[in-house]
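Structure file protein-v1.cif (mmCIF, N, CA, C and O atoms) follows.
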```cif
data_work
#
loop_
_atom_site.group_PDB
_atom_site.id
_atom_site.type_symbol
_atom_site.label_atom_id
_atom_site.label_comp_id
_atom_site.auth_asym_id
_atom_site.auth_seq_id
_atom_site.Cartn_x
_atom_site.Cartn_y
_atom_site.Cartn_z
ATOM 1 N N MET F 27 3.049 4.840 0.728
ATOM 2 C CA MET F 27 2.303 3.864 -0.017
ATOM 3 C C MET F 27 0.842 3.859 0.429
ATOM 4 O O MET F 27 -0.050 3.743 -0.395
ATOM 5 N N ARG F 28 0.643 4.002 1.738
ATOM 6 C CA ARG F 28 -0.726 3.981 2.250
ATOM 7 C C ARG F 28 -1.563 5.095 1.636
ATOM 8 O O ARG F 28 -2.705 4.897 1.238
ATOM 9 N N ARG F 29 -0.984 6.292 1.551
ATOM 10 C CA ARG F 29 -1.707 7.426 0.978
ATOM 11 C C ARG F 29 -2.138 7.124 -0.452
ATOM 12 O O ARG F 29 -3.290 7.344 -0.823
ATOM 13 N N LEU F 30 -1.240 6.578 -1.242
ATOM 14 C CA LEU F 30 -1.562 6.246 -2.632
ATOM 15 C C LEU F 30 -2.645 5.171 -2.697
ATOM 16 O O LEU F 30 -3.555 5.243 -3.524
ATOM 17 N N ARG F 31 -2.541 4.179 -1.826
ATOM 18 C CA ARG F 31 -3.518 3.088 -1.814
ATOM 19 C C ARG F 31 -4.904 3.594 -1.427
ATOM 20 O O ARG F 31 -5.892 3.295 -2.099
ATOM 21 N N VAL F 32 -4.970 4.417 -0.377
ATOM 22 C CA VAL F 32 -6.261 4.934 0.081
ATOM 23 C C VAL F 32 -6.863 5.890 -0.939
ATOM 24 O O VAL F 32 -8.070 5.855 -1.183
ATOM 25 N N GLU F 33 -6.035 6.733 -1.559
ATOM 26 C CA GLU F 33 -6.532 7.652 -2.588
ATOM 27 C C GLU F 33 -7.209 6.906 -3.726
ATOM 28 O O GLU F 33 -8.150 7.389 -4.330
ATOM 29 N N ARG F 34 -6.725 5.708 -4.015
ATOM 30 C CA ARG F 34 -7.285 4.911 -5.106
ATOM 31 C C ARG F 34 -8.391 3.971 -4.641
ATOM 32 O O ARG F 34 -8.967 3.244 -5.436
ATOM 33 N N GLY F 35 -8.670 3.969 -3.326
ATOM 34 C CA GLY F 35 -9.740 3.127 -2.800
ATOM 35 C C GLY F 35 -9.417 1.641 -2.863
ATOM 36 O O GLY F 35 -10.313 0.812 -3.001
ATOM 37 N N ILE F 36 -8.132 1.318 -2.744
ATOM 38 C CA ILE F 36 -7.692 -0.073 -2.821
ATOM 39 C C ILE F 36 -7.437 -0.584 -1.401
ATOM 40 O O ILE F 36 -6.769 0.080 -0.613
ATOM 41 N N THR F 37 -7.935 -1.751 -1.097
ATOM 42 C CA THR F 37 -7.692 -2.340 0.219
ATOM 43 C C THR F 37 -6.305 -2.972 0.252
ATOM 44 O O THR F 37 -5.709 -3.257 -0.788
ATOM 45 N N GLN F 38 -5.817 -3.203 1.464
ATOM 46 C CA GLN F 38 -4.537 -3.885 1.600
ATOM 47 C C GLN F 38 -4.613 -5.272 0.974
ATOM 48 O O GLN F 38 -3.669 -5.723 0.339
ATOM 49 N N GLU F 39 -5.734 -5.923 1.156
ATOM 50 C CA GLU F 39 -5.897 -7.265 0.610
ATOM 51 C C GLU F 39 -5.824 -7.262 -0.914
ATOM 52 O O GLU F 39 -5.139 -8.092 -1.519
ATOM 53 N N SER F 40 -6.518 -6.329 -1.549
ATOM 54 C CA SER F 40 -6.495 -6.247 -3.012
ATOM 55 C C SER F 40 -5.093 -5.930 -3.525
ATOM 56 O O SER F 40 -4.633 -6.522 -4.505
ATOM 57 N N LEU F 41 -4.421 -4.996 -2.856
ATOM 58 C CA LEU F 41 -3.063 -4.638 -3.255
ATOM 59 C C LEU F 41 -2.140 -5.842 -3.105
ATOM 60 O O LEU F 41 -1.322 -6.122 -3.979
ATOM 61 N N ALA F 42 -2.290 -6.557 -2.009
ATOM 62 C CA ALA F 42 -1.456 -7.731 -1.772
ATOM 63 C C ALA F 42 -1.660 -8.784 -2.855
ATOM 64 O O ALA F 42 -0.692 -9.353 -3.366
ATOM 65 N N VAL F 43 -2.906 -9.037 -3.211
ATOM 66 C CA VAL F 43 -3.190 -10.025 -4.255
ATOM 67 C C VAL F 43 -2.572 -9.586 -5.576
ATOM 68 O O VAL F 43 -1.923 -10.379 -6.262
ATOM 69 N N ASP F 44 -2.753 -8.317 -5.931
ATOM 70 C CA ASP F 44 -2.214 -7.817 -7.204
ATOM 71 C C ASP F 44 -0.682 -7.841 -7.235
ATOM 72 O O ASP F 44 -0.086 -8.011 -8.293
ATOM 73 N N ALA F 45 -0.054 -7.648 -6.064
ATOM 74 C CA ALA F 45 1.408 -7.628 -6.005
ATOM 75 C C ALA F 45 1.988 -9.011 -5.706
ATOM 76 O O ALA F 45 3.209 -9.194 -5.763
ATOM 77 N N GLY F 46 1.145 -9.970 -5.370
ATOM 78 C CA GLY F 46 1.615 -11.322 -5.117
ATOM 79 C C GLY F 46 2.281 -11.517 -3.767
ATOM 80 O O GLY F 46 3.246 -12.275 -3.652
ATOM 81 N N VAL F 47 1.789 -10.803 -2.747
ATOM 82 C CA VAL F 47 2.319 -10.957 -1.388
ATOM 83 C C VAL F 47 1.161 -11.131 -0.417
ATOM 84 O O VAL F 47 -0.002 -10.956 -0.779
ATOM 85 N N ASP F 48 1.486 -11.437 0.825
ATOM 86 C CA ASP F 48 0.472 -11.575 1.861
ATOM 87 C C ASP F 48 0.011 -10.192 2.330
ATOM 88 O O ASP F 48 0.797 -9.243 2.364
ATOM 89 N N ARG F 49 -1.251 -10.089 2.724
ATOM 90 C CA ARG F 49 -1.797 -8.821 3.188
ATOM 91 C C ARG F 49 -1.042 -8.287 4.404
ATOM 92 O O ARG F 49 -0.823 -7.088 4.550
ATOM 93 N N THR F 50 -0.603 -9.189 5.283
ATOM 94 C CA THR F 50 0.112 -8.739 6.476
ATOM 95 C C THR F 50 1.458 -8.103 6.108
ATOM 96 O O THR F 50 1.942 -7.240 6.833
ATOM 97 N N TYR F 51 2.023 -8.506 4.986
ATOM 98 C CA TYR F 51 3.274 -7.901 4.541
ATOM 99 C C TYR F 51 3.020 -6.467 4.063
ATOM 100 O O TYR F 51 3.807 -5.561 4.369
ATOM 101 N N VAL F 52 1.915 -6.262 3.352
ATOM 102 C CA VAL F 52 1.554 -4.900 2.927
ATOM 103 C C VAL F 52 1.337 -4.029 4.156
ATOM 104 O O VAL F 52 1.815 -2.899 4.230
ATOM 105 N N SER F 53 0.638 -4.557 5.140
ATOM 106 C CA SER F 53 0.404 -3.823 6.380
ATOM 107 C C SER F 53 1.724 -3.474 7.060
ATOM 108 O O SER F 53 1.910 -2.348 7.528
ATOM 109 N N GLY F 54 2.639 -4.421 7.098
ATOM 110 C CA GLY F 54 3.939 -4.178 7.717
ATOM 111 C C GLY F 54 4.755 -3.129 6.990
ATOM 112 O O GLY F 54 5.458 -2.334 7.616
ATOM 113 N N ILE F 55 4.660 -3.109 5.676
ATOM 114 C CA ILE F 55 5.359 -2.078 4.895
ATOM 115 C C ILE F 55 4.783 -0.706 5.237
ATOM 116 O O ILE F 55 5.516 0.255 5.454
ATOM 117 N N GLU F 56 3.456 -0.620 5.307
ATOM 118 C CA GLU F 56 2.817 0.662 5.604
ATOM 119 C C GLU F 56 3.153 1.147 7.018
ATOM 120 O O GLU F 56 3.212 2.347 7.258
ATOM 121 N N ARG F 57 3.374 0.224 7.938
ATOM 122 C CA ARG F 57 3.733 0.598 9.314
ATOM 123 C C ARG F 57 5.237 0.733 9.491
ATOM 124 O O ARG F 57 5.723 0.940 10.601
ATOM 125 N N ARG F 58 5.979 0.576 8.384
ATOM 126 C CA ARG F 58 7.441 0.685 8.359
ATOM 127 C C ARG F 58 8.114 -0.386 9.215
ATOM 128 O O ARG F 58 9.177 -0.169 9.787
ATOM 129 N N GLU F 59 7.497 -1.560 9.278
ATOM 130 C CA GLU F 59 8.082 -2.686 9.988
ATOM 131 C C GLU F 59 8.895 -3.578 9.054
ATOM 132 O O GLU F 59 9.762 -4.318 9.513
ATOM 133 N N PHE F 60 8.581 -3.558 7.757
ATOM 134 C CA PHE F 60 9.281 -4.371 6.769
ATOM 135 C C PHE F 60 9.874 -3.466 5.702
ATOM 136 O O PHE F 60 9.305 -2.420 5.375
ATOM 137 N N ASN F 61 10.986 -3.892 5.157
ATOM 138 C CA ASN F 61 11.624 -3.184 4.047
ATOM 139 C C ASN F 61 11.479 -4.028 2.792
ATOM 140 O O ASN F 61 12.113 -5.082 2.681
ATOM 141 N N PRO F 62 10.664 -3.573 1.842
ATOM 142 C CA PRO F 62 10.453 -4.367 0.631
ATOM 143 C C PRO F 62 11.659 -4.329 -0.289
ATOM 144 O O PRO F 62 12.446 -3.386 -0.283
ATOM 145 N N THR F 63 11.777 -5.367 -1.091
ATOM 146 C CA THR F 63 12.831 -5.412 -2.106
ATOM 147 C C THR F 63 12.443 -4.491 -3.264
ATOM 148 O O THR F 63 11.289 -4.069 -3.385
ATOM 149 N N VAL F 64 13.404 -4.216 -4.120
ATOM 150 C CA VAL F 64 13.133 -3.395 -5.303
ATOM 151 C C VAL F 64 12.109 -4.099 -6.193
ATOM 152 O O VAL F 64 11.220 -3.462 -6.757
ATOM 153 N N ASP F 65 12.223 -5.423 -6.306
ATOM 154 C CA ASP F 65 11.266 -6.189 -7.101
ATOM 155 C C ASP F 65 9.846 -6.011 -6.555
ATOM 156 O O ASP F 65 8.906 -5.785 -7.321
ATOM 157 N N LEU F 66 9.694 -6.094 -5.243
ATOM 158 C CA LEU F 66 8.360 -5.926 -4.652
ATOM 159 C C LEU F 66 7.867 -4.495 -4.817
ATOM 160 O O LEU F 66 6.691 -4.276 -5.100
ATOM 161 N N LEU F 67 8.745 -3.522 -4.667
ATOM 162 C CA LEU F 67 8.339 -2.133 -4.898
ATOM 163 C C LEU F 67 7.820 -1.955 -6.320
ATOM 164 O O LEU F 67 6.837 -1.245 -6.540
ATOM 165 N N ASP F 68 8.482 -2.596 -7.263
ATOM 166 C CA ASP F 68 8.040 -2.522 -8.661
ATOM 167 C C ASP F 68 6.649 -3.135 -8.814
ATOM 168 O O ASP F 68 5.788 -2.571 -9.480
ATOM 169 N N ARG F 69 6.411 -4.283 -8.186
ATOM 170 C CA ARG F 69 5.091 -4.925 -8.267
ATOM 171 C C ARG F 69 4.019 -4.093 -7.566
ATOM 172 O O ARG F 69 2.891 -3.983 -8.064
ATOM 173 N N LEU F 70 4.362 -3.480 -6.435
ATOM 174 C CA LEU F 70 3.401 -2.623 -5.737
ATOM 175 C C LEU F 70 3.079 -1.386 -6.573
ATOM 176 O O LEU F 70 1.922 -0.977 -6.667
ATOM 177 N N ALA F 71 4.093 -0.782 -7.175
ATOM 178 C CA ALA F 71 3.884 0.394 -8.020
ATOM 179 C C ALA F 71 2.992 0.043 -9.202
ATOM 180 O O ALA F 71 2.087 0.804 -9.555
ATOM 181 N N THR F 72 3.222 -1.114 -9.803
ATOM 182 C CA THR F 72 2.384 -1.555 -10.913
ATOM 183 C C THR F 72 0.949 -1.754 -10.457
ATOM 184 O O THR F 72 0.009 -1.322 -11.126
ATOM 185 N N ALA F 73 0.762 -2.387 -9.309
ATOM 186 C CA ALA F 73 -0.581 -2.626 -8.784
ATOM 187 C C ALA F 73 -1.298 -1.318 -8.439
ATOM 188 O O ALA F 73 -2.517 -1.223 -8.572
ATOM 189 N N LEU F 74 -0.536 -0.311 -8.021
ATOM 190 C CA LEU F 74 -1.119 0.993 -7.698
ATOM 191 C C LEU F 74 -1.197 1.921 -8.914
ATOM 192 O O LEU F 74 -1.728 3.026 -8.809
ATOM 193 N N ALA F 75 -0.640 1.498 -10.031
ATOM 194 C CA ALA F 75 -0.599 2.291 -11.262
ATOM 195 C C ALA F 75 0.127 3.612 -11.044
ATOM 196 O O ALA F 75 -0.336 4.688 -11.440
ATOM 197 N N VAL F 76 1.294 3.522 -10.375
ATOM 198 C CA VAL F 76 2.139 4.699 -10.160
ATOM 199 C C VAL F 76 3.560 4.346 -10.544
ATOM 200 O O VAL F 76 3.906 3.182 -10.742
ATOM 201 N N ASP F 77 4.396 5.355 -10.649
ATOM 202 C CA ASP F 77 5.810 5.144 -10.889
ATOM 203 C C ASP F 77 6.457 4.704 -9.578
ATOM 204 O O ASP F 77 6.046 5.143 -8.504
ATOM 205 N N ILE F 78 7.474 3.879 -9.660
ATOM 206 C CA ILE F 78 8.138 3.393 -8.454
ATOM 207 C C ILE F 78 8.699 4.543 -7.619
ATOM 208 O O ILE F 78 8.767 4.469 -6.392
ATOM 209 N N LEU F 79 9.068 5.643 -8.269
ATOM 210 C CA LEU F 79 9.579 6.806 -7.542
ATOM 211 C C LEU F 79 8.527 7.407 -6.611
ATOM 212 O O LEU F 79 8.872 7.991 -5.585
ATOM 213 N N ASP F 80 7.255 7.258 -6.963
ATOM 214 C CA ASP F 80 6.186 7.755 -6.092
ATOM 215 C C ASP F 80 6.164 7.010 -4.762
ATOM 216 O O ASP F 80 5.764 7.567 -3.735
ATOM 217 N N LEU F 81 6.586 5.757 -4.765
ATOM 218 C CA LEU F 81 6.628 4.988 -3.522
ATOM 219 C C LEU F 81 7.828 5.382 -2.668
ATOM 220 O O LEU F 81 7.819 5.184 -1.456
ATOM 221 N N LEU F 82 8.845 5.937 -3.291
ATOM 222 C CA LEU F 82 10.056 6.317 -2.574
ATOM 223 C C LEU F 82 10.046 7.764 -2.107
ATOM 224 O O LEU F 82 10.910 8.165 -1.326
ATOM 225 N N ALA F 83 9.095 8.550 -2.566
ATOM 226 C CA ALA F 83 9.039 9.973 -2.216
ATOM 227 C C ALA F 83 8.713 10.152 -0.743
ATOM 228 O O ALA F 83 7.870 9.459 -0.181
ATOM 229 N N VAL F 84 9.389 11.087 -0.116
ATOM 230 C CA VAL F 84 9.129 11.419 1.278
ATOM 231 C C VAL F 84 7.942 12.386 1.310
ATOM 232 O O VAL F 84 7.975 13.415 0.628
ATOM 233 N N PRO F 85 6.877 12.065 2.067
ATOM 234 C CA PRO F 85 5.721 12.960 2.100
ATOM 235 C C PRO F 85 6.072 14.292 2.773
ATOM 236 O O PRO F 85 6.955 14.352 3.635
ATOM 237 N N ALA F 86 5.406 15.348 2.337
ATOM 238 C CA ALA F 86 5.610 16.664 2.938
ATOM 239 C C ALA F 86 5.185 16.617 4.396
ATOM 240 O O ALA F 86 4.260 15.887 4.769
ATOM 241 N N SER F 87 5.850 17.401 5.232
ATOM 242 C CA SER F 87 5.558 17.369 6.666
ATOM 243 C C SER F 87 4.149 17.859 6.983
ATOM 244 O O SER F 87 3.569 17.480 7.994
ATOM 245 N N ASP F 88 3.570 18.683 6.111
ATOM 246 C CA ASP F 88 2.218 19.187 6.357
ATOM 247 C C ASP F 88 1.146 18.280 5.756
ATOM 248 O O ASP F 88 -0.042 18.556 5.870
ATOM 249 N N GLU F 89 1.568 17.174 5.140
ATOM 250 C CA GLU F 89 0.637 16.256 4.508
ATOM 251 C C GLU F 89 0.025 15.347 5.562
ATOM 252 O O GLU F 89 0.719 14.620 6.258
ATOM 253 N N ALA F 90 -1.292 15.407 5.704
ATOM 254 C CA ALA F 90 -1.983 14.620 6.715
ATOM 255 C C ALA F 90 -2.070 13.153 6.303
ATOM 256 O O ALA F 90 -2.133 12.835 5.121
ATOM 257 N N GLU F 91 -2.061 12.278 7.309
ATOM 258 C CA GLU F 91 -2.249 10.854 7.057
ATOM 259 C C GLU F 91 -3.678 10.637 6.582
ATOM 260 O O GLU F 91 -4.613 11.251 7.103
ATOM 261 N N PRO F 92 -3.875 9.768 5.605
ATOM 262 C CA PRO F 92 -5.235 9.518 5.132
ATOM 263 C C PRO F 92 -6.049 8.755 6.169
ATOM 264 O O PRO F 92 -5.502 8.013 6.984
ATOM 265 N N SER F 93 -7.352 8.950 6.139
ATOM 266 C CA SER F 93 -8.236 8.200 7.019
ATOM 267 C C SER F 93 -8.238 6.749 6.571
ATOM 268 O O SER F 93 -8.162 6.460 5.382
ATOM 269 N N PRO F 94 -8.364 5.830 7.527
ATOM 270 C CA PRO F 94 -8.380 4.425 7.129
ATOM 271 C C PRO F 94 -9.656 4.068 6.374
ATOM 272 O O PRO F 94 -10.698 4.697 6.564
ATOM 273 N N LEU F 95 -9.543 3.061 5.514
ATOM 274 C CA LEU F 95 -10.716 2.548 4.829
ATOM 275 C C LEU F 95 -11.526 1.716 5.809
ATOM 276 O O LEU F 95 -10.985 1.224 6.809
ATOM 277 N N PRO F 96 -12.831 1.530 5.563
ATOM 278 C CA PRO F 96 -13.637 0.696 6.459
ATOM 279 C C PRO F 96 -13.044 -0.710 6.558
ATOM 280 O O PRO F 96 -12.563 -1.268 5.571
ATOM 281 N N ALA F 97 -13.093 -1.277 7.754
ATOM 282 C CA ALA F 97 -12.549 -2.614 7.985
ATOM 283 C C ALA F 97 -13.475 -3.681 7.434
ATOM 284 O O ALA F 97 -14.669 -3.466 7.271
ATOM 285 N N GLY F 98 -12.915 -4.825 7.175
ATOM 286 C CA GLY F 98 -13.704 -5.976 6.768
ATOM 287 C C GLY F 98 -13.876 -6.076 5.266
ATOM 288 O O GLY F 98 -13.518 -5.196 4.497
ATOM 289 N N ARG F 99 -14.443 -7.180 4.882
ATOM 290 C CA ARG F 99 -14.681 -7.440 3.457
ATOM 291 C C ARG F 99 -15.987 -6.811 3.022
ATOM 292 O O ARG F 99 -16.907 -6.634 3.810
ATOM 293 N N LYS F 100 -16.053 -6.481 1.736
ATOM 294 C CA LYS F 100 -17.290 -5.947 1.173
ATOM 295 C C LYS F 100 -18.313 -7.051 1.063
ATOM 296 O O LYS F 100 -17.984 -8.187 0.732
ATOM 297 N N ARG F 101 -19.554 -6.720 1.335
ATOM 298 C CA ARG F 101 -20.608 -7.703 1.190
ATOM 299 C C ARG F 101 -20.910 -7.905 -0.285
ATOM 300 O O ARG F 101 -20.871 -6.973 -1.071
ATOM 301 N N ARG F 102 -21.224 -9.110 -0.630
ATOM 302 C CA ARG F 102 -21.538 -9.408 -2.036
ATOM 303 C C ARG F 102 -23.012 -9.416 -2.246
ATOM 304 O O ARG F 102 -23.823 -9.624 -1.493
#
```
Rewrite the structure of this file - the entire thing - as structure tokens.
Amino acid sequence: MRRLRVERGITQESLAVDAGVDRTYVSGIERREFNPTVDLLDRLATALAVDILDLLAVPASDEAEPSPLPAGRKRR
């Protein structure tokens, strides 16, 4: 999920708002600390504009982890 989120330039906070969950829950899912429900996976997939199967796909072993996005909120 993190790879898809970073590729689209979406922050954890934005994804959380769009999916209707807390940002710390998105972080926990990405760190494999929480197991989301099918309903939440559907909402996350919708927020990321991907098919739910893309969230369930096992990444290739040679696929590098994406670099983290800059921390903090964007200045207005």
_Distance of atom O of Met27 of chain F from atom C of Phe60 of chain F, expressed in Å to one decimal place_ =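 So the two atoms, atom C of Phe60 of chain F and atom O of Met27 of chain F, lie 13.7 Å apart.
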*Residue contacts of segment 48-54 of chain F (6 Å, only N, CA, C and O atoms) excluding same-chain residues fewer than 5 positions away, as a list in words*: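 The filter keeps Gln38, Glu39, Ala42, Glu59 and Phe60 of chain F.
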How would the residues just chosen look if you wrote them out with N, CA, C and O atoms as a PDB file, keeping the file's coordinate frame?
```
ATOM      1  N   GLN F  38      -5.817  -3.203   1.464  1.00  0.00           N
ATOM      2  CA  GLN F  38      -4.537  -3.885   1.600  1.00  0.00           C
ATOM      3  C   GLN F  38      -4.613  -5.272   0.974  1.00  0.00           C
ATOM      4  O   GLN F  38      -3.669  -5.723   0.339  1.00  0.00           O
ATOM      5  N   GLU F  39      -5.734  -5.923   1.156  1.00  0.00           N
ATOM      6  CA  GLU F  39      -5.897  -7.265   0.610  1.00  0.00           C
ATOM      7  C   GLU F  39      -5.824  -7.262  -0.914  1.00  0.00           C
ATOM      8  O   GLU F  39      -5.139  -8.092  -1.519  1.00  0.00           O
ATOM      9  N   ALA F  42      -2.290  -6.557  -2.009  1.00  0.00           N
ATOM     10  CA  ALA F  42      -1.456  -7.731  -1.772  1.00  0.00           C
ATOM     11  C   ALA F  42      -1.660  -8.784  -2.855  1.00  0.00           C
ATOM     12  O   ALA F  42      -0.692  -9.353  -3.366  1.00  0.00           O
ATOM     13  N   GLU F  59       7.497  -1.560   9.278  1.00  0.00           N
ATOM     14  CA  GLU F  59       8.082  -2.686   9.988  1.00  0.00           C
ATOM     15  C   GLU F  59       8.895  -3.578   9.054  1.00  0.00           C
ATOM     16  O   GLU F  59       9.762  -4.318   9.513  1.00  0.00           O
ATOM     17  N   PHE F  60       8.581  -3.558   7.757  1.00  0.00           N
ATOM     18  CA  PHE F  60       9.281  -4.371   6.769  1.00  0.00           C
ATOM     19  C   PHE F  60       9.874  -3.466   5.702  1.00  0.00           C
ATOM     20  O   PHE F  60       9.305  -2.420   5.375  1.00  0.00           O
TER      21      PHE F  60
END
```
*With distances taken over all atoms listed in the file, which of F:Leu67, F:Arg58, F:Gly35, F:Leu41 is nearest to Leu81 of chain F?*
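Closest to Leu81 of chain F of all the choices is F:Leu67.
Distance annotation: of F:Ile55, F:Val43, F:Leu66, F:Ala75, the residue with the minimal separation from Arg28 of chain F is F:Ile55; atom set is all atoms listed in the file.
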*Just how far from atom CA of Leu70 of chain F is atom CA of Ser40 of chain F, in Å to one decimal?*
10.9 Å
*Give me, please, the distance in Å between atom CA of Ala73 of chain F and atom N of Arg31 of chain F, quoted to one decimal.*
9.9 Å
_So, with only N, CA, C and O atoms as the atoms that count, which of F:Gly46, F:Arg34, F:Arg57, F:Ala86 lies closest to Leu74 of chain F?_
F:Arg34
First collect every listed atom of segment 39-46 of chain F; then fit an axis-aligned box around them, widen it by 6 Å on each side, and give centre and edge lengths in Å to one decimal, as JSON.
```
{"center_x": -1.6, "center_y": -8.5, "center_z": -3.6, "size_x": 21.8, "size_y": 19.6, "size_z": 21.4}
```
